[in-house]
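Data from upload_18.cif: mmCIF, C-alpha atoms and all ligand atoms; chains and numbers go by the auth columns
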```cif
data_query
#
loop_
_atom_site.group_PDB
_atom_site.id
_atom_site.type_symbol
_atom_site.label_atom_id
_atom_site.label_comp_id
_atom_site.label_asym_id
_atom_site.label_seq_id
_atom_site.Cartn_x
_atom_site.Cartn_y
_atom_site.Cartn_z
_atom_site.B_iso_or_equiv
_atom_site.auth_seq_id
_atom_site.auth_asym_id
ATOM 1 C CA MET A 1 -14.529 12.740 -1.487 0.00 1 A
ATOM 2 C CA ILE A 2 -12.747 10.300 0.785 0.00 2 A
ATOM 3 C CA ARG A 3 -10.519 12.894 2.326 0.00 3 A
ATOM 4 C CA ARG A 4 -13.042 14.581 4.592 0.00 4 A
ATOM 5 C CA SER A 5 -14.654 11.459 5.936 0.00 5 A
ATOM 6 C CA GLY A 6 -12.088 10.468 8.453 0.00 6 A
ATOM 7 C CA LYS A 7 -14.502 9.935 11.332 0.00 7 A
ATOM 8 C CA THR A 8 -17.102 7.748 9.709 0.00 8 A
ATOM 9 C CA ARG A 9 -15.715 4.515 11.007 0.00 9 A
ATOM 10 C CA GLY A 10 -18.522 2.364 12.276 0.00 10 A
ATOM 11 C CA SER A 11 -21.362 4.269 10.686 0.00 11 A
ATOM 12 C CA ARG A 12 -21.184 2.113 7.598 0.00 12 A
ATOM 13 C CA ARG A 13 -20.057 -1.425 7.177 0.00 13 A
ATOM 14 C CA THR A 14 -16.382 -1.189 7.806 0.00 14 A
ATOM 15 C CA PRO A 15 -14.400 -2.173 4.769 0.00 15 A
ATOM 16 C CA VAL A 16 -11.391 -4.424 5.094 0.00 16 A
ATOM 17 C CA THR A 17 -9.279 -1.641 3.778 0.00 17 A
ATOM 18 C CA ASP A 18 -8.811 1.497 5.792 0.00 18 A
ATOM 19 C CA PHE A 19 -6.728 3.559 3.422 0.00 19 A
ATOM 20 C CA GLU A 20 -6.738 4.599 -0.183 0.00 20 A
ATOM 21 C CA CYS A 21 -3.454 5.489 -1.785 0.00 21 A
ATOM 22 C CA VAL A 22 -3.683 8.876 -3.480 0.00 22 A
ATOM 23 C CA CYS A 23 -0.996 7.768 -5.881 0.00 23 A
ATOM 24 C CA CYS A 24 -2.231 4.474 -7.321 0.00 24 A
ATOM 25 C CA ARG A 25 -5.846 4.765 -6.100 0.00 25 A
ATOM 26 C CA ALA A 26 -5.829 1.306 -4.638 0.00 26 A
ATOM 27 C CA ALA A 27 -7.156 0.476 -1.190 0.00 27 A
ATOM 28 C CA PHE A 28 -4.915 -0.870 1.501 0.00 28 A
ATOM 29 C CA ARG A 29 -5.036 -1.934 5.095 0.00 29 A
ATOM 30 C CA PHE A 30 -2.029 0.218 5.710 0.00 30 A
ATOM 31 C CA CYS A 31 -0.801 3.405 4.164 0.00 31 A
ATOM 32 C CA TRP A 32 1.589 6.060 5.203 0.00 32 A
ATOM 33 C CA SER A 33 -0.691 8.923 6.032 0.00 33 A
ATOM 34 C CA CYS A 34 -0.523 12.596 6.826 0.00 34 A
ATOM 35 C CA ARG A 35 -2.853 14.580 9.028 0.00 35 A
ATOM 36 C CA CYS A 36 -4.072 16.506 5.985 0.00 36 A
ATOM 37 C CA GLY A 37 -5.503 13.321 4.496 0.00 37 A
ATOM 38 C CA PHE A 38 -2.685 12.422 2.166 0.00 38 A
ATOM 39 C CA GLN A 39 -2.216 8.669 2.049 0.00 39 A
ATOM 40 C CA ILE A 40 0.320 6.673 0.147 0.00 40 A
ATOM 41 C CA CYS A 41 0.850 2.946 0.065 0.00 41 A
ATOM 42 C CA GLN A 42 4.044 1.139 0.815 0.00 42 A
ATOM 43 C CA ALA A 43 4.826 0.442 -2.818 0.00 43 A
ATOM 44 C CA CYS A 44 4.289 4.012 -3.941 0.00 44 A
ATOM 45 C CA MET A 45 6.225 5.281 -0.974 0.00 45 A
ATOM 46 C CA LEU A 46 9.165 3.139 -1.954 0.00 46 A
ATOM 47 C CA GLU A 47 8.850 4.241 -5.545 0.00 47 A
ATOM 48 C CA ASN A 48 8.719 7.904 -4.638 0.00 48 A
ATOM 49 C CA ARG A 49 10.975 7.774 -1.673 0.00 49 A
ATOM 50 C CA TRP A 50 13.632 9.795 -3.431 0.00 50 A
ATOM 51 C CA GLY A 51 11.156 12.656 -3.610 0.00 51 A
ATOM 52 C CA LEU A 52 9.568 12.302 -0.201 0.00 52 A
ATOM 53 C CA THR A 53 12.456 11.716 2.124 0.00 53 A
ATOM 54 C CA CYS A 54 16.111 12.492 2.250 0.00 54 A
ATOM 55 C CA ASN A 55 17.025 10.658 5.421 0.00 55 A
ATOM 56 C CA ASN A 56 14.719 7.609 5.566 0.00 56 A
ATOM 57 C CA ILE A 57 13.602 8.747 9.003 0.00 57 A
ATOM 58 C CA ASP A 58 11.012 11.321 8.029 0.00 58 A
ATOM 59 C CA TRP A 59 9.006 11.850 4.881 0.00 59 A
ATOM 60 C CA GLN A 60 7.487 15.091 3.724 0.00 60 A
ATOM 61 C CA CYS A 61 3.884 15.267 2.651 0.00 61 A
ATOM 62 C CA PRO A 62 3.749 16.667 -0.893 0.00 62 A
ATOM 63 C CA ASP A 63 0.337 18.176 -0.211 0.00 63 A
ATOM 64 C CA CYS A 64 0.904 20.245 2.918 0.00 64 A
ATOM 65 C CA GLY A 65 4.607 19.967 3.517 0.00 65 A
ATOM 66 C CA THR A 66 4.318 18.376 6.942 0.00 66 A
ATOM 67 C CA TRP A 67 7.117 16.082 7.959 0.00 67 A
ATOM 68 C CA ASN A 68 5.959 12.676 9.125 0.00 68 A
ATOM 69 C CA GLY A 69 8.056 10.006 10.762 0.00 69 A
ATOM 70 C CA TYR A 70 8.512 6.495 9.466 0.00 70 A
ATOM 71 C CA GLY A 71 8.746 5.039 12.914 0.00 71 A
ATOM 72 C CA ASN A 72 5.405 5.660 14.579 0.00 72 A
ATOM 73 C CA GLN A 73 3.000 3.547 12.612 0.00 73 A
HETATM 74 ZN ZN ZN B . -0.030 3.445 -4.086 0.00 101 B
HETATM 75 ZN ZN ZN B . -0.071 16.516 4.484 0.00 102 B
#
```
Translate the structure described by the file into structure tokens.
Amino acid sequence: MIRRSGKTRGSRRTPVTDFECVCCRAAFRFCWSCRCGFQICQACMLENRWGLTCNNIDWQCPDCGTWNGYGNQ
């Protein structure tokens, strides 16, 4: 249910955490995120890096297949 509510910031009391990792289900102030709503925390990203990236410059979203850069966040 969290995936579609990307624009609700400010309508409720803003939580300290902005992201929820789809992998470990924990909330974080930072996650690697894809435009489709996929979010993964730093720890899970590192753990799954072998499956998400092959060059450590871009990572591929397992949900939609979009390539996202590591550098822009
Ligand atoms: Zn995680
Ligand atoms: Zn995606």
Residue members of the PyMOL selection byres (((chain A and resi 32-49) around 7) and not hetatm) in the file shown, as a PyMOL selection string: chain A and resi 3+19-23+30-31+50-53+61+63-64+68
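Proximity ranking of A:Tyr70, A:Gln60, A:Asp18, A:Ala27 relative to ligand ZN 102 (chain B) places A:Gln60 first, based on all atoms listed in the file.
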Atomic separation - atom CA of A:Phe28 relative to atom CA of A:Asn56, Å: 21.8 Å
Among listed residues A:Thr17, A:Ile57, A:Arg25, A:Pro62, nearest ligand ZN 101 (chain B) (using only C-alpha atoms and all ligand atoms): A:Arg25
Output, as JSON, the centre and edge lengths in Å (one decimal) of the axis-aligned box that contains all listed atoms of stretch 51-67 of chain A with 4 Å of margin on each side.
```
{"center_x": 8.7, "center_y": 13.9, "center_z": 2.7, "size_x": 24.7, "size_y": 20.6, "size_z": 20.6}
```
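Between ligand ZN 102 (chain B) and the residues A:Arg29, A:Thr66, A:Cys24, A:Gly71, the shortest atom-to-atom distance, using only C-alpha atoms and all ligand atoms, involves A:Thr66.
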